[in-house]
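As provided, start05.tsv (TSV, C-alpha atoms) reads as follows.
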chain	number	residue	atom	x	y	z
A	8	SER	CA	100.42	93.62	97.67
A	9	LYS	CA	100.21	90.20	96.10
A	10	ASP	CA	100.95	88.69	99.51
A	11	GLY	CA	101.86	85.31	98.06
A	12	THR	CA	100.27	82.99	100.60
A	13	ALA	CA	99.35	80.58	97.82
A	14	ALA	CA	102.91	80.75	96.52
A	15	PHE	CA	104.45	80.10	99.93
A	16	TYR	CA	102.22	77.06	100.40
A	17	GLY	CA	102.66	75.64	96.92
A	18	THR	CA	99.11	76.02	95.58
A	19	ALA	CA	99.65	78.81	93.03
A	20	PRO	CA	100.38	78.07	89.36
A	21	THR	CA	104.10	78.48	88.63
A	22	LEU	CA	106.04	80.06	85.77
A	23	GLY	CA	108.41	77.14	85.27
A	24	ASN	CA	111.51	79.32	85.65
A	25	ILE	CA	112.87	77.27	88.54
A	26	ALA	CA	113.20	73.48	88.34
A	27	PRO	CA	111.28	71.32	89.02
A	28	ASP	CA	108.33	73.73	88.80
A	29	PRO	CA	106.08	73.17	85.76
A	30	ALA	CA	105.17	76.00	83.40
A	31	GLN	CA	101.53	76.61	84.33
A	32	LEU	CA	100.64	79.49	82.07
A	33	GLY	CA	97.57	81.07	80.54
A	34	ASP	CA	93.88	80.31	80.58
A	35	ALA	CA	93.93	76.55	81.06
A	36	ALA	CA	96.37	76.67	83.97
A	37	TYR	CA	94.36	79.41	85.63
A	38	GLU	CA	91.13	77.41	85.30
A	39	THR	CA	92.77	74.33	86.80
A	40	ALA	CA	94.18	76.29	89.75
A	41	LEU	CA	90.85	77.97	90.46
A	42	LYS	CA	88.94	74.68	90.41
A	43	GLY	CA	91.52	73.10	92.68
A	44	ALA	CA	91.20	75.94	95.20
A	45	TRP	CA	87.50	76.83	95.05
A	46	GLY	CA	85.73	73.97	93.31
A	47	ALA	CA	82.22	74.89	92.24
A	48	ALA	CA	82.86	78.56	93.09
A	49	ALA	CA	85.72	78.77	90.57
A	50	ARG	CA	83.52	80.35	87.89
A	51	ALA	CA	82.49	83.18	90.23
A	52	VAL	CA	86.09	83.75	91.33
A	53	ARG	CA	87.23	83.88	87.72
A	54	ALA	CA	84.56	86.44	86.87
A	55	HIS	CA	85.78	88.70	89.68
A	56	TYR	CA	89.47	88.11	88.86
A	57	PRO	CA	89.60	87.86	85.05
A	58	LEU	CA	93.01	87.33	83.47
A	59	SER	CA	92.50	90.53	81.50
A	60	ARG	CA	92.91	92.52	84.73
A	61	PHE	CA	96.33	90.95	85.29
A	62	GLY	CA	97.95	91.14	81.89
A	63	GLY	CA	97.06	87.52	81.15
A	64	SER	CA	99.13	86.24	84.09
A	65	ALA	CA	97.63	83.20	85.79
A	66	GLN	CA	100.09	83.74	88.64
A	67	ALA	CA	99.14	87.37	89.29
A	68	ALA	CA	95.41	86.71	89.09
A	69	PHE	CA	95.42	83.58	91.25
A	70	VAL	CA	97.75	84.97	93.92
A	71	GLN	CA	95.66	88.16	94.20
A	72	ALA	CA	92.44	86.16	94.57
A	73	ASP	CA	94.06	83.91	97.17
A	74	ALA	CA	95.57	86.85	99.04
A	75	ASP	CA	92.25	88.70	99.17
A	76	ALA	CA	90.38	85.62	100.38
A	77	TYR	CA	92.84	84.32	102.94
A	78	VAL	CA	94.89	87.28	104.14
A	79	LEU	CA	93.91	90.80	103.09
A	80	CYS	CA	90.19	90.59	103.82
A	81	PRO	CA	90.54	88.66	107.10
A	82	GLN	CA	93.17	91.09	108.41
A	83	THR	CA	90.99	94.03	107.35
A	84	GLU	CA	88.15	92.46	109.32
A	85	ALA	CA	90.50	92.06	112.30
A	86	ALA	CA	91.57	95.71	112.05
A	87	ARG	CA	87.95	96.87	112.11
A	88	MET	CA	87.21	94.66	115.10
A	89	ALA	CA	90.15	96.25	116.91
A	90	VAL	CA	88.87	99.74	116.11
A	91	ALA	CA	85.43	98.77	117.41
A	92	ALA	CA	87.10	97.63	120.64
A	93	GLY	CA	88.71	101.04	121.07
A	94	VAL	CA	92.20	100.18	119.82
A	95	ALA	CA	94.06	102.78	117.74
A	96	VAL	CA	94.87	101.22	114.37
A	97	TRP	CA	96.91	102.42	111.38
A	98	HIS	CA	96.36	100.28	108.31
A	99	TYR	CA	98.80	100.04	105.41
A	100	GLU	CA	99.67	98.17	102.23
A	101	PHE	CA	103.17	97.93	100.77
A	102	SER	CA	103.16	98.11	96.98
A	103	HIS	CA	106.72	98.22	95.69
A	104	PHE	CA	108.60	95.47	93.84
A	105	MET	CA	112.40	95.48	93.70
A	106	PRO	CA	113.71	93.89	90.49
A	107	SER	CA	115.98	90.91	90.99
A	108	PRO	CA	119.69	91.30	90.12
A	109	THR	CA	119.77	87.65	89.03
A	110	ALA	CA	117.19	85.70	87.09
A	111	PRO	CA	115.72	83.22	87.54
A	112	GLY	CA	115.78	82.50	91.23
A	113	GLY	CA	116.94	84.41	94.25
A	114	GLY	CA	116.95	88.15	94.28
A	115	CYS	CA	115.16	90.85	96.15
A	116	ASP	CA	111.50	89.79	96.22
A	117	ASN	CA	110.54	86.30	97.33
A	118	GLY	CA	107.97	86.03	94.56
A	119	VAL	CA	110.84	85.42	92.14
A	120	GLU	CA	112.21	82.51	94.19
A	121	LEU	CA	108.67	81.16	94.59
A	122	ASP	CA	108.37	81.16	90.78
A	123	VAL	CA	105.22	83.26	90.53
A	124	VAL	CA	106.73	86.52	89.28
A	125	GLU	CA	109.38	87.39	86.72
A	126	ALA	CA	112.56	89.06	87.96
A	127	GLY	CA	111.64	92.37	86.31
A	128	ALA	CA	107.93	92.38	87.10
A	129	SER	CA	105.48	95.18	87.81
A	130	ALA	CA	106.54	97.80	90.31
A	131	THR	CA	103.27	97.23	92.18
A	132	TRP	CA	103.86	93.55	92.97
A	133	ALA	CA	105.09	93.02	96.53
A	134	THR	CA	105.32	89.57	98.07
A	135	HIS	CA	104.51	88.90	101.73
A	136	GLY	CA	107.18	90.44	103.97
A	137	ALA	CA	108.79	92.54	101.22
A	138	GLU	CA	108.56	95.70	103.33
A	139	VAL	CA	110.67	94.33	106.20
A	140	ARG	CA	113.99	95.28	104.57
A	141	TYR	CA	112.68	98.81	104.08
A	142	VAL	CA	111.66	99.08	107.72
A	143	PHE	CA	115.22	98.34	108.84
A	144	GLY	CA	117.05	99.89	105.88
A	145	SER	CA	118.68	96.60	104.88
A	146	GLU	CA	120.09	96.31	101.37
A	147	GLN	CA	120.47	92.54	101.61
A	148	ASN	CA	117.81	89.88	101.17
A	149	HIS	CA	118.20	86.59	103.02
A	150	ASP	CA	116.83	83.87	100.78
A	151	THR	CA	115.69	80.91	102.89
A	152	LEU	CA	113.07	79.53	100.53
A	153	SER	CA	115.02	77.58	97.97
A	154	GLY	CA	116.86	74.99	100.00
A	155	ARG	CA	120.10	76.77	99.15
A	156	PRO	CA	120.15	79.68	101.62
A	157	ARG	CA	122.07	82.70	100.41
A	158	ILE	CA	122.25	86.44	100.72
A	159	ALA	CA	121.43	88.65	97.75
A	160	ASP	CA	122.68	92.22	97.47
A	161	CYS	CA	119.71	94.50	96.89
A	162	PRO	CA	120.97	98.09	96.80
A	163	PHE	CA	118.33	100.79	97.09
A	164	SER	CA	117.81	103.32	94.34
A	165	PRO	CA	117.52	106.94	95.57
A	166	ALA	CA	113.72	106.60	95.45
A	167	GLU	CA	113.85	103.33	97.39
A	168	ARG	CA	116.15	104.88	99.98
A	169	ARG	CA	113.57	107.64	100.51
A	170	LEU	CA	110.86	104.99	100.82
A	171	SER	CA	112.93	103.14	103.43
A	172	ASP	CA	113.54	106.36	105.36
A	173	GLU	CA	109.83	107.18	105.34
A	174	ILE	CA	108.76	103.72	106.49
A	175	GLY	CA	111.42	103.69	109.22
A	176	ALA	CA	110.19	107.07	110.46
A	177	TYR	CA	106.57	105.88	110.58
A	178	TRP	CA	107.53	102.74	112.53
A	179	ALA	CA	109.78	104.69	114.90
A	180	GLY	CA	107.01	107.21	115.57
A	181	LEU	CA	104.57	104.44	116.37
A	182	ALA	CA	107.05	102.76	118.73
A	183	ARG	CA	108.09	105.99	120.42
A	184	GLU	CA	104.83	107.95	120.67
A	185	GLY	CA	102.09	105.50	119.69
A	186	ASP	CA	101.47	107.48	116.51
A	187	PRO	CA	103.30	106.91	113.19
A	188	ASN	CA	102.93	110.60	112.32
A	189	SER	CA	104.95	111.83	115.31
A	190	GLY	CA	108.18	113.57	114.39
A	191	GLY	CA	107.04	114.27	110.86
A	192	GLY	CA	103.88	113.63	108.91
A	193	ALA	CA	102.39	116.29	106.68
A	194	GLY	CA	104.83	119.15	106.43
A	195	GLY	CA	107.67	116.92	107.63
A	196	GLY	CA	108.32	115.23	104.31
A	197	ARG	CA	105.94	112.32	104.79
A	198	ALA	CA	102.31	111.83	103.87
A	199	TRP	CA	99.92	112.07	106.80
A	200	TRP	CA	98.78	108.60	107.86
A	201	PRO	CA	95.19	108.81	109.11
A	202	ALA	CA	94.08	106.48	111.87
A	203	TYR	CA	92.02	103.61	110.51
A	204	GLY	CA	88.32	104.22	111.05
A	205	ALA	CA	88.74	107.90	111.90
A	206	GLY	CA	85.54	109.73	111.04
A	207	ALA	CA	83.93	106.44	109.97
A	208	ASN	CA	86.31	106.44	107.00
A	209	TRP	CA	88.34	103.25	106.58
A	210	THR	CA	91.48	104.81	105.12
A	211	SER	CA	94.73	102.92	104.54
A	212	LEU	CA	98.15	104.22	103.54
A	213	VAL	CA	99.58	102.60	100.40
A	214	LEU	CA	103.36	102.71	100.67
A	215	GLY	CA	105.48	102.85	97.53
A	216	VAL	CA	108.14	104.92	95.82
A	217	GLY	CA	106.92	108.46	95.43
A	218	GLY	CA	105.44	108.58	98.94
A	219	GLY	CA	102.45	107.21	100.79
A	220	VAL	CA	98.99	107.56	99.27
A	221	ALA	CA	95.86	107.48	101.46
A	222	ARG	CA	93.07	105.32	100.06
A	223	ALA	CA	89.65	104.69	101.53
A	224	GLN	CA	87.97	101.28	101.47
A	225	LEU	CA	91.07	99.50	100.20
A	226	HIS	CA	90.11	96.12	98.67
A	227	GLY	CA	86.51	96.90	99.58
A	228	SER	CA	85.05	95.43	96.41
A	229	ALA	CA	87.10	92.25	96.77
A	230	CYS	CA	86.14	91.76	100.40
A	231	ASN	CA	82.46	92.27	99.59
A	232	PHE	CA	82.81	89.63	96.89
A	233	TRP	CA	84.29	87.04	99.26
A	234	THR	CA	81.68	87.74	101.91
A	235	GLN	CA	78.87	87.31	99.40
A	236	LEU	CA	80.47	84.14	98.07
A	237	GLY	CA	80.06	82.51	101.42
A	238	GLY	CA	82.16	83.90	104.20
A	239	GLU	CA	85.57	83.37	102.63
A	240	SER	CA	86.76	86.57	104.30
A	241	THR	CA	86.13	85.22	107.81
A	242	TRP	CA	88.46	83.64	110.34
A	243	SER	CA	87.43	80.11	109.26
A	244	THR	CA	89.61	80.47	106.16
A	245	TRP	CA	92.73	80.28	108.32
A	246	SER	CA	92.18	76.56	108.85
A	247	ALA	CA	92.80	76.04	105.14
A	248	VAL	CA	95.96	78.13	105.31
A	249	ILE	CA	97.33	76.31	108.36
A	250	ASN	CA	96.69	72.88	106.83
A	251	ARG	CA	98.51	73.58	103.58
A	252	THR	CA	101.84	71.92	102.86
A	253	SER	CA	104.59	74.48	102.59
A	254	ARG	CA	106.57	74.51	99.38
A	255	ARG	CA	109.52	75.71	101.39
A	256	ASP	CA	109.38	72.60	103.54
A	257	GLN	CA	109.10	70.40	100.47
A	258	ARG	CA	112.16	71.98	98.88
A	259	ASN	CA	114.27	71.78	102.01
A	260	LYS	CA	113.74	68.04	102.45
For this file, produce the structure as structure tokens.
Amino acid sequence: SKDGTAAFYGTAPTLGNIAPDPAQLGDAAYETALKGAWGAAARAVRAHYPLSRFGGSAQAAFVQADADAYVLCPQTEAARMAVAAGVAVWHYEFSHFMPSPTAPGGGCDNGVELDVVEAGASATWATHGAEVRYVFGSEQNHDTLSGRPRIADCPFSPAERRLSDEIGAYWAGLAREGDPNSGGGAGGGRAWWPAYGAGANWTSLVLGVGGGVARAQLHGSACNFWTQLGGESTWSTWSAVINRTSRRDQRNK
């Protein structure tokens, strides 16, 4: 997922689709954003997250770098600490983007309202919290980010309805039996979700249309990069997140 922490806190370059956001596009905007976030380390971050990997999108590249550094790698570290303490953990990533019925602004993925993703973007972009509607089977999205709260109708396609059913079954199994595979799993219409750390294999379930896909060492290369850069994947990074000024708060003033 793109997570979108930088977008939520107003530090990511914007598309300029929603006033008063500026159009911060291409190489120069990406360079400026990287230097503002990582200073002297910007060159190393850029080398690991080149625009060419993200279709030339400064938004996609920056938000992925920020998400890896401040959210995905720290929570992966937390999950491994929990496993080491004897806690059963199932690790997942949600990777589906629902196109917005209106553009620009509003719609069915908060990345559109945050002005970092086009309304008809890649199917693998998912902003922080995008899976919640699928957990509860809700076909409405409550937009509270723009200062003009509203409800958007976001009807599921048949494939998205299956995705919602699968996610709901995993969550229900975990709540009921302490295992997301209970009541289904392999042979029951859903992919088997291996426990994180089972057999010394750090396997996550990537959830998207078409069913869950098990992947080992998810974001492993990125997390190794941040660790080598100087501990950016540790808990200390949360102080930077907490101290950011929320764009949502700015807009609602």
Using all atoms listed in the file, which residues sit within 9 Å of A:Tyr177 once same-chain residues fewer than 6 positions away are excluded, as a CSV table (one decimal) with C-alpha atoms, in the frame of the given file?
chain,number,residue,atom,x,y,z
A,142,VAL,CA,111.7,99.1,107.7
A,186,ASP,CA,101.5,107.5,116.5
A,187,PRO,CA,103.3,106.9,113.2
A,188,ASN,CA,102.9,110.6,112.3
A,189,SER,CA,105.0,111.8,115.3
A,190,GLY,CA,108.2,113.6,114.4
A,191,GLY,CA,107.0,114.3,110.9
A,192,GLY,CA,103.9,113.6,108.9
A,197,ARG,CA,105.9,112.3,104.8
A,200,TRP,CA,98.8,108.6,107.9
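Taking atom CA of A:Thr83 as the reference point, atom CA of A:Gly217 is found at 24.6 Å.
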Report the closest atom pair, with its distance in Å rounded to one decimal, for each residue of stretch 153-238 of chain A that has an atom no farther than 12 Å from stretch 31-47 of chain A; count only C-alpha atoms, sort by chain and then rising residue number, and write it as a tab-separated table.
residue	atom	partner	partner_atom	distance
A:Trp233	CA	A:Trp45	CA	11.5
A:Leu236	CA	A:Trp45	CA	10.6
A:Gly237	CA	A:Trp45	CA	11.3
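Minimum distance to A:Gly118 across A:Ala74, A:Val220, A:Ala137, A:Ala176 (counting all atoms listed in the file) occurs at A:Ala137.
Within 9 Å of the file-frame point (90.0, 105.9, 104.5), and using all atoms listed in the file, the polymer residues found are A:Pro201, A:Ala202, A:Tyr203, A:Gly204, A:Ala205, A:Gly206, A:Ala207, A:Asn208, A:Trp209, A:Thr210, A:Ser211, A:Leu212, A:Ala221, A:Arg222, A:Ala223, A:Gln224, A:Leu225.
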Shell around A:Gln66 at 6 Å using all atoms listed in the file, local window under 3 positions removed, as an mmCIF file with C-alpha atoms, in the coordinates of the input:
data_model
loop_
_atom_site.group_PDB
_atom_site.id
_atom_site.type_symbol
_atom_site.label_atom_id
_atom_site.label_comp_id
_atom_site.auth_asym_id
_atom_site.auth_seq_id
_atom_site.Cartn_x
_atom_site.Cartn_y
_atom_site.Cartn_z
ATOM 1 C CA PRO A 20 100.380 78.070 89.360
ATOM 2 C CA PHE A 69 95.420 83.580 91.250
ATOM 3 C CA VAL A 70 97.750 84.970 93.920
ATOM 4 C CA VAL A 123 105.220 83.260 90.530
#
With only C-alpha atoms as the atoms that count, which of A:Ala67, A:Cys80, A:Ala54, A:Ala19 lies nearest to A:Asn231?
A:Cys80
How many Å lie between atom CA of A:Gln71 and atom CA of A:Glu84, rounded to one decimal?
17.4 Å
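Ranking A:Asp160, A:Arg87, A:Thr134, A:Tyr16 by their shortest atom-to-atom distance to A:Glu146, with only C-alpha atoms included, puts A:Asp160 first.
The closest residue to A:Ala65, picked from A:Asn148, A:Thr234, A:Thr21, A:Ser228 and counting all atoms listed in the file, is A:Thr21.
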What is the distance, in Å and to one decimal place, between atom CA of A:Pro29 and atom CA of A:Ala14?
13.5 Å
Put a box with edges along x, y and z around all the listed atoms of stretch 18-22 of chain A, pad it by 4 Å on each side, then give me its centre and sizes in Å, one decimal, as AutoDock Vina command-line options.
--center_x 102.6 --center_y 78.0 --center_z 90.7 --size_x 14.9 --size_y 12.0 --size_z 17.8
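Compared by their closest atoms to A:Tyr99, and using only C-alpha atoms, the residues A:Trp132, A:Ala51, A:Glu138, A:Pro27 rank with A:Glu138 nearest.
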Would you mind putting back N, CA, C and O atoms on stretch 225-240 of chain A, then writing it out as a CSV table (one decimal), in the frame of the given file?
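After the write, out.csv holds the following:
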chain,number,residue,atom,x,y,z
A,225,LEU,N,90.1,100.3,101.0
A,225,LEU,CA,91.1,99.5,100.2
A,225,LEU,C,90.6,98.0,100.1
A,225,LEU,O,90.3,97.4,101.1
A,226,HIS,N,90.6,97.5,98.9
A,226,HIS,CA,90.1,96.1,98.7
A,226,HIS,C,88.6,95.9,99.1
A,226,HIS,O,88.2,94.8,99.3
A,227,GLY,N,87.9,97.0,99.2
A,227,GLY,CA,86.5,96.9,99.6
A,227,GLY,C,85.7,96.0,98.7
A,227,GLY,O,84.9,95.2,99.1
A,228,SER,N,85.8,96.2,97.4
A,228,SER,CA,85.0,95.4,96.4
A,228,SER,C,85.4,93.9,96.5
A,228,SER,O,84.5,93.1,96.5
A,229,ALA,N,86.7,93.6,96.7
A,229,ALA,CA,87.1,92.2,96.8
A,229,ALA,C,86.5,91.6,98.0
A,229,ALA,O,86.1,90.5,98.0
A,230,CYS,N,86.6,92.3,99.1
A,230,CYS,CA,86.1,91.8,100.4
A,230,CYS,C,84.6,91.6,100.4
A,230,CYS,O,84.1,90.6,100.9
A,231,ASN,N,83.9,92.5,99.7
A,231,ASN,CA,82.5,92.3,99.6
A,231,ASN,C,82.2,91.0,98.8
A,231,ASN,O,81.2,90.3,99.1
A,232,PHE,N,83.0,90.8,97.7
A,232,PHE,CA,82.8,89.6,96.9
A,232,PHE,C,83.0,88.3,97.7
A,232,PHE,O,82.1,87.4,97.6
A,233,TRP,N,84.0,88.3,98.5
A,233,TRP,CA,84.3,87.0,99.3
A,233,TRP,C,83.2,86.8,100.3
A,233,TRP,O,82.8,85.7,100.6
A,234,THR,N,82.7,87.9,100.9
A,234,THR,CA,81.7,87.7,101.9
A,234,THR,C,80.4,87.2,101.3
A,234,THR,O,79.8,86.3,101.8
A,235,GLN,N,80.1,87.8,100.1
A,235,GLN,CA,78.9,87.3,99.4
A,235,GLN,C,79.0,85.9,98.9
A,235,GLN,O,78.0,85.1,98.8
A,236,LEU,N,80.2,85.5,98.6
A,236,LEU,CA,80.5,84.1,98.1
A,236,LEU,C,80.2,83.1,99.1
A,236,LEU,O,79.9,81.9,98.8
A,237,GLY,N,80.4,83.5,100.4
A,237,GLY,CA,80.1,82.5,101.4
A,237,GLY,C,81.0,82.5,102.6
A,237,GLY,O,81.4,81.5,103.1
A,238,GLY,N,81.4,83.8,103.0
A,238,GLY,CA,82.2,83.9,104.2
A,238,GLY,C,83.6,83.6,104.0
A,238,GLY,O,84.3,83.3,105.0
A,239,GLU,N,84.1,83.7,102.8
A,239,GLU,CA,85.6,83.4,102.6
A,239,GLU,C,86.5,84.4,103.2
A,239,GLU,O,87.7,84.2,103.3
A,240,SER,N,85.9,85.5,103.7
A,240,SER,CA,86.8,86.6,104.3
A,240,SER,C,86.7,86.5,105.8
A,240,SER,O,87.1,87.4,106.5
